[in-house]
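**Student:** The structure's right below; bear with me while I get my questions together.
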Amino acid sequence: MNRPLTIAILALIVLMTIVNTISVYVISAYFPELQSINPAILGICVFFIIYGIITFFTLDKKKGDGQVYARTFILLKGIKLFLALTGVILFVFINKEMALPFIITFVVYYVIYTVFEAIALTKLK
């Protein structure tokens with residue numbers, strides 16, 4: 001594994017851990033009635049870490065051919081969107097009373113992850 005890829009993966013893990021810690025703290029301190037959502041928040045964090053590692057490894061292997069890289073990148077973004085929407089919809093059906101806090105938290109994670117991913121992939125390319 002090359003050094004920039006290792007740094008990107010470690011940075012992703014640290015970032016998601018920090019965001020997860022802040023999320024759980026804010027919910028526990030300011031919204032104690034929403035503490036039952038904390039395991040779901042951990043699940044969001046794990047989803048983005050695993051997805052990020054898979055994305056970085058996959059795209060790192062496709063660096064040589066620009067056309068293959070672009071197709072793989074678009075495919076991975078479609079998979080991320082599909083998995084994210086599926087997860088959110090399933091959670092909403094299972095736990096309707098916590099749907100809005102979960103969706104808000106998920107969107108925050110999604111945006112943070114997407115910004116990080118764009119920056120990291122730009123540096124890896």
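Lettering and numbering for the structure tokens are positional, with chains as A, B, ... in the shown order, residues counted from 1 in each chain, and ligands counted from 1 in the shown order.
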Give me, as a list in words, all polymer residues having an atom no more than 12 Å from A:Leu5, counting only C-alpha atoms and skipping those fewer than 5 positions away in the same chain.
**Tutor:** Leu10, Ala11, Leu12, Gly52, Ile53, Ile54, Thr55, Phe56, Phe57, Thr58, Leu59, Asp60, Lys61, Lys63, Glu117, Ala120, Leu121, Thr122, Lys123, Leu124 and Lys125 of chain A
**Student:** What's around A:Thr72 at 10 Å? Count only C-alpha atoms, leave out sequence neighbours fewer than 3 positions away in its own chain, and write the answer as a PDB file with N, CA, C and O atoms, in the first residue's frame.
**Tutor:**
ATOM      1  N   THR A  55     -13.502   2.356  -1.522  1.00  0.00           N
ATOM      2  CA  THR A  55     -13.379   3.333  -2.609  1.00  0.00           C
ATOM      3  C   THR A  55     -11.923   3.692  -2.866  1.00  0.00           C
ATOM      4  O   THR A  55     -11.464   3.696  -4.009  1.00  0.00           O
ATOM      5  N   THR A  58     -10.043   0.718  -4.416  1.00  0.00           N
ATOM      6  CA  THR A  58     -10.500   0.444  -5.780  1.00  0.00           C
ATOM      7  C   THR A  58      -9.984   1.497  -6.748  1.00  0.00           C
ATOM      8  O   THR A  58      -9.455   1.169  -7.815  1.00  0.00           O
ATOM      9  N   LEU A  59     -10.130   2.760  -6.398  1.00  0.00           N
ATOM     10  CA  LEU A  59      -9.700   3.820  -7.303  1.00  0.00           C
ATOM     11  C   LEU A  59      -8.180   3.913  -7.394  1.00  0.00           C
ATOM     12  O   LEU A  59      -7.652   4.309  -8.435  1.00  0.00           O
ATOM     13  N   LYS A  62      -7.042   1.780 -10.141  1.00  0.00           N
ATOM     14  CA  LYS A  62      -7.472   2.197 -11.477  1.00  0.00           C
ATOM     15  C   LYS A  62      -6.784   3.476 -11.942  1.00  0.00           C
ATOM     16  O   LYS A  62      -7.166   4.053 -12.949  1.00  0.00           O
ATOM     17  N   GLY A  66      -7.314   6.643 -17.302  1.00  0.00           N
ATOM     18  CA  GLY A  66      -8.259   7.705 -16.956  1.00  0.00           C
ATOM     19  C   GLY A  66      -9.708   7.342 -17.228  1.00  0.00           C
ATOM     20  O   GLY A  66     -10.603   7.661 -16.437  1.00  0.00           O
ATOM     21  N   GLN A  67      -9.965   6.664 -18.334  1.00  0.00           N
ATOM     22  CA  GLN A  67     -11.338   6.308 -18.687  1.00  0.00           C
ATOM     23  C   GLN A  67     -11.903   5.259 -17.721  1.00  0.00           C
ATOM     24  O   GLN A  67     -13.037   5.367 -17.269  1.00  0.00           O
ATOM     25  N   VAL A  68     -11.113   4.267 -17.397  1.00  0.00           N
ATOM     26  CA  VAL A  68     -11.541   3.242 -16.446  1.00  0.00           C
ATOM     27  C   VAL A  68     -11.725   3.867 -15.063  1.00  0.00           C
ATOM     28  O   VAL A  68     -12.690   3.563 -14.352  1.00  0.00           O
ATOM     29  N   TYR A  69     -10.825   4.768 -14.684  1.00  0.00           N
ATOM     30  CA  TYR A  69     -10.924   5.460 -13.395  1.00  0.00           C
ATOM     31  C   TYR A  69     -12.236   6.237 -13.322  1.00  0.00           C
ATOM     32  O   TYR A  69     -12.949   6.176 -12.322  1.00  0.00           O
ATOM     33  N   LEU A  75     -19.430   4.774 -10.977  1.00  0.00           N
ATOM     34  CA  LEU A  75     -20.091   3.572 -10.462  1.00  0.00           C
ATOM     35  C   LEU A  75     -20.082   3.559  -8.932  1.00  0.00           C
ATOM     36  O   LEU A  75     -21.111   3.302  -8.292  1.00  0.00           O
ATOM     37  N   LEU A  76     -18.947   3.871  -8.337  1.00  0.00           N
ATOM     38  CA  LEU A  76     -18.851   3.893  -6.872  1.00  0.00           C
ATOM     39  C   LEU A  76     -19.741   4.975  -6.263  1.00  0.00           C
ATOM     40  O   LEU A  76     -20.330   4.780  -5.201  1.00  0.00           O
ATOM     41  N   LYS A  77     -19.855   6.114  -6.919  1.00  0.00           N
ATOM     42  CA  LYS A  77     -20.745   7.173  -6.413  1.00  0.00           C
ATOM     43  C   LYS A  77     -22.203   6.727  -6.484  1.00  0.00           C
ATOM     44  O   LYS A  77     -22.987   7.006  -5.575  1.00  0.00           O
ATOM     45  N   GLY A  78     -22.571   6.034  -7.543  1.00  0.00           N
ATOM     46  CA  GLY A  78     -23.928   5.501  -7.659  1.00  0.00           C
ATOM     47  C   GLY A  78     -24.220   4.459  -6.586  1.00  0.00           C
ATOM     48  O   GLY A  78     -25.298   4.451  -5.986  1.00  0.00           O
TER      49      GLY A  78
END
**Student:** Compile the contact shell of A:Leu90 as a list in words: residues with an atom at most 12 Å away, counting only C-alpha atoms, same-chain residues fewer than 6 positions apart removed.
**Tutor:**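 In the requested form, the answer reads Ala40, Leu83, Ala84, Lys96, Ala99, Phe102 and Ile103 of chain A.
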**Student:** What's around A:Ile22 at 12 Å? Count only C-alpha atoms, leave out sequence neighbours fewer than 3 positions away in its own chain, and write the answer as number ranges by chain.
**Tutor:** A: 15-19, 25-30, 38, 41-42, 45, 105, 108-109
**Student:** Restricted to N, CA, C and O atoms, what would the selected residues look like written as a compact mmCIF listing (two decimals), in the first residue's frame?
**Tutor:**
# COMPACT_ATOMS: atom_id res chain seq x y z
N LEU A 15 -11.23 11.31 11.04
CA LEU A 15 -12.31 12.27 10.81
C LEU A 15 -13.66 11.70 11.23
O LEU A 15 -14.43 12.34 11.96
N MET A 16 -13.97 10.50 10.79
CA MET A 16 -15.26 9.91 11.11
C MET A 16 -15.38 9.63 12.62
O MET A 16 -16.45 9.77 13.20
N THR A 17 -14.28 9.27 13.26
CA THR A 17 -14.30 9.05 14.71
C THR A 17 -14.57 10.36 15.45
O THR A 17 -15.37 10.39 16.39
N ILE A 18 -13.95 11.43 14.99
CA ILE A 18 -14.18 12.74 15.61
C ILE A 18 -15.61 13.18 15.40
O ILE A 18 -16.28 13.64 16.34
N VAL A 19 -16.11 13.06 14.19
CA VAL A 19 -17.50 13.45 13.89
C VAL A 19 -18.46 12.61 14.71
O VAL A 19 -19.45 13.11 15.26
N TYR A 25 -21.88 13.21 21.62
CA TYR A 25 -21.82 14.17 22.73
C TYR A 25 -22.96 15.20 22.62
O TYR A 25 -23.64 15.48 23.61
N VAL A 26 -23.14 15.76 21.43
CA VAL A 26 -24.19 16.77 21.25
C VAL A 26 -25.56 16.18 21.54
O VAL A 26 -26.38 16.78 22.24
N ILE A 27 -25.81 14.99 21.05
CA ILE A 27 -27.11 14.35 21.29
C ILE A 27 -27.29 14.05 22.77
O ILE A 27 -28.34 14.31 23.35
N SER A 28 -26.26 13.52 23.40
CA SER A 28 -26.35 13.19 24.83
C SER A 28 -26.53 14.44 25.69
O SER A 28 -27.30 14.42 26.65
N ALA A 29 -25.83 15.50 25.36
CA ALA A 29 -25.86 16.71 26.19
C ALA A 29 -27.10 17.57 25.94
O ALA A 29 -27.69 18.09 26.89
N TYR A 30 -27.48 17.71 24.69
CA TYR A 30 -28.54 18.66 24.36
C TYR A 30 -29.87 18.03 23.99
O TYR A 30 -30.90 18.71 24.02
N ASN A 38 -28.07 6.73 19.14
CA ASN A 38 -26.61 6.62 19.16
C ASN A 38 -26.06 5.37 18.46
O ASN A 38 -25.08 5.46 17.73
N ILE A 41 -26.07 6.05 14.83
CA ILE A 41 -25.03 7.00 14.46
C ILE A 41 -23.69 6.26 14.31
O ILE A 41 -22.93 6.53 13.38
N LEU A 42 -23.41 5.35 15.19
CA LEU A 42 -22.21 4.53 15.06
C LEU A 42 -22.25 3.73 13.75
O LEU A 42 -21.24 3.60 13.07
N CYS A 45 -21.25 5.93 10.91
CA CYS A 45 -19.79 6.12 10.94
C CYS A 45 -19.08 4.90 10.33
O CYS A 45 -18.21 5.05 9.48
N THR A 105 -28.79 13.73 10.88
CA THR A 105 -27.44 13.26 11.21
C THR A 105 -26.79 12.60 10.00
O THR A 105 -25.61 12.84 9.71
N VAL A 108 -25.59 15.19 7.49
CA VAL A 108 -24.37 15.84 7.95
C VAL A 108 -23.16 14.94 7.69
O VAL A 108 -22.14 15.38 7.14
N TYR A 109 -23.26 13.67 8.05
CA TYR A 109 -22.17 12.72 7.79
C TYR A 109 -21.90 12.61 6.29
O TYR A 109 -20.74 12.58 5.86
**Student:** Restricting the calculation to only C-alpha atoms, which member of A:Phe93, A:Asn20, A:Ala70, A:Leu85 is positioned closest to A:Ile112?
**Tutor:**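 Closest to A:Ile112 of all the choices is A:Asn20.
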**Student:** By how many Å are atom CA of A:Ile49 and atom CA of A:Ile9 apart?
**Tutor:**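 Between atom CA of A:Ile49 and atom CA of A:Ile9 the gap is 8.3 Å.
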**Student:** Which one is closest to A:Thr114: A:Thr86, A:Leu100, A:Leu81, A:Ser23? Count only C-alpha atoms.
**Tutor:**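 Of A:Thr86, A:Leu100, A:Leu81, A:Ser23, the one nearest A:Thr114 is A:Leu81, counting only C-alpha atoms.
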**Student:** Nearest to A:Ile104 among A:Tyr51, A:Ile7, A:Val88, A:Ala118, with distances taken over only C-alpha atoms: which residue is it?
**Tutor:**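 With only C-alpha atoms as the atom set, the closest residue is A:Val88.
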**Student:** Measuring between only C-alpha atoms, which one of A:Phe82, A:Tyr110, A:Phe91, A:Phe116 shows the shortest distance to A:Pro39?
**Tutor:** A:Phe91
**Student:** Ranking A:Ile13, A:Glu97, A:Ile89, A:Asn2 by minimum distance to A:Phe48 and counting only C-alpha atoms, which one comes first?
**Tutor:**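 Answer, going by the shortest atom-to-atom distance: A:Ile13.
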**Student:** Atom CA of A:Thr21 and atom CA of A:Pro101, how far apart in Å?
**Tutor:**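 According to the coordinates, atom CA of A:Pro101 and atom CA of A:Thr21 are separated by 16.2 Å.
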**Student:** Would you mind reading off the distance between atom CA of A:Glu33 and atom CA of A:Gly87, one decimal, in Å?
**Tutor:**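 Pair atom CA of A:Glu33 / atom CA of A:Gly87 returns 22.5 Å.
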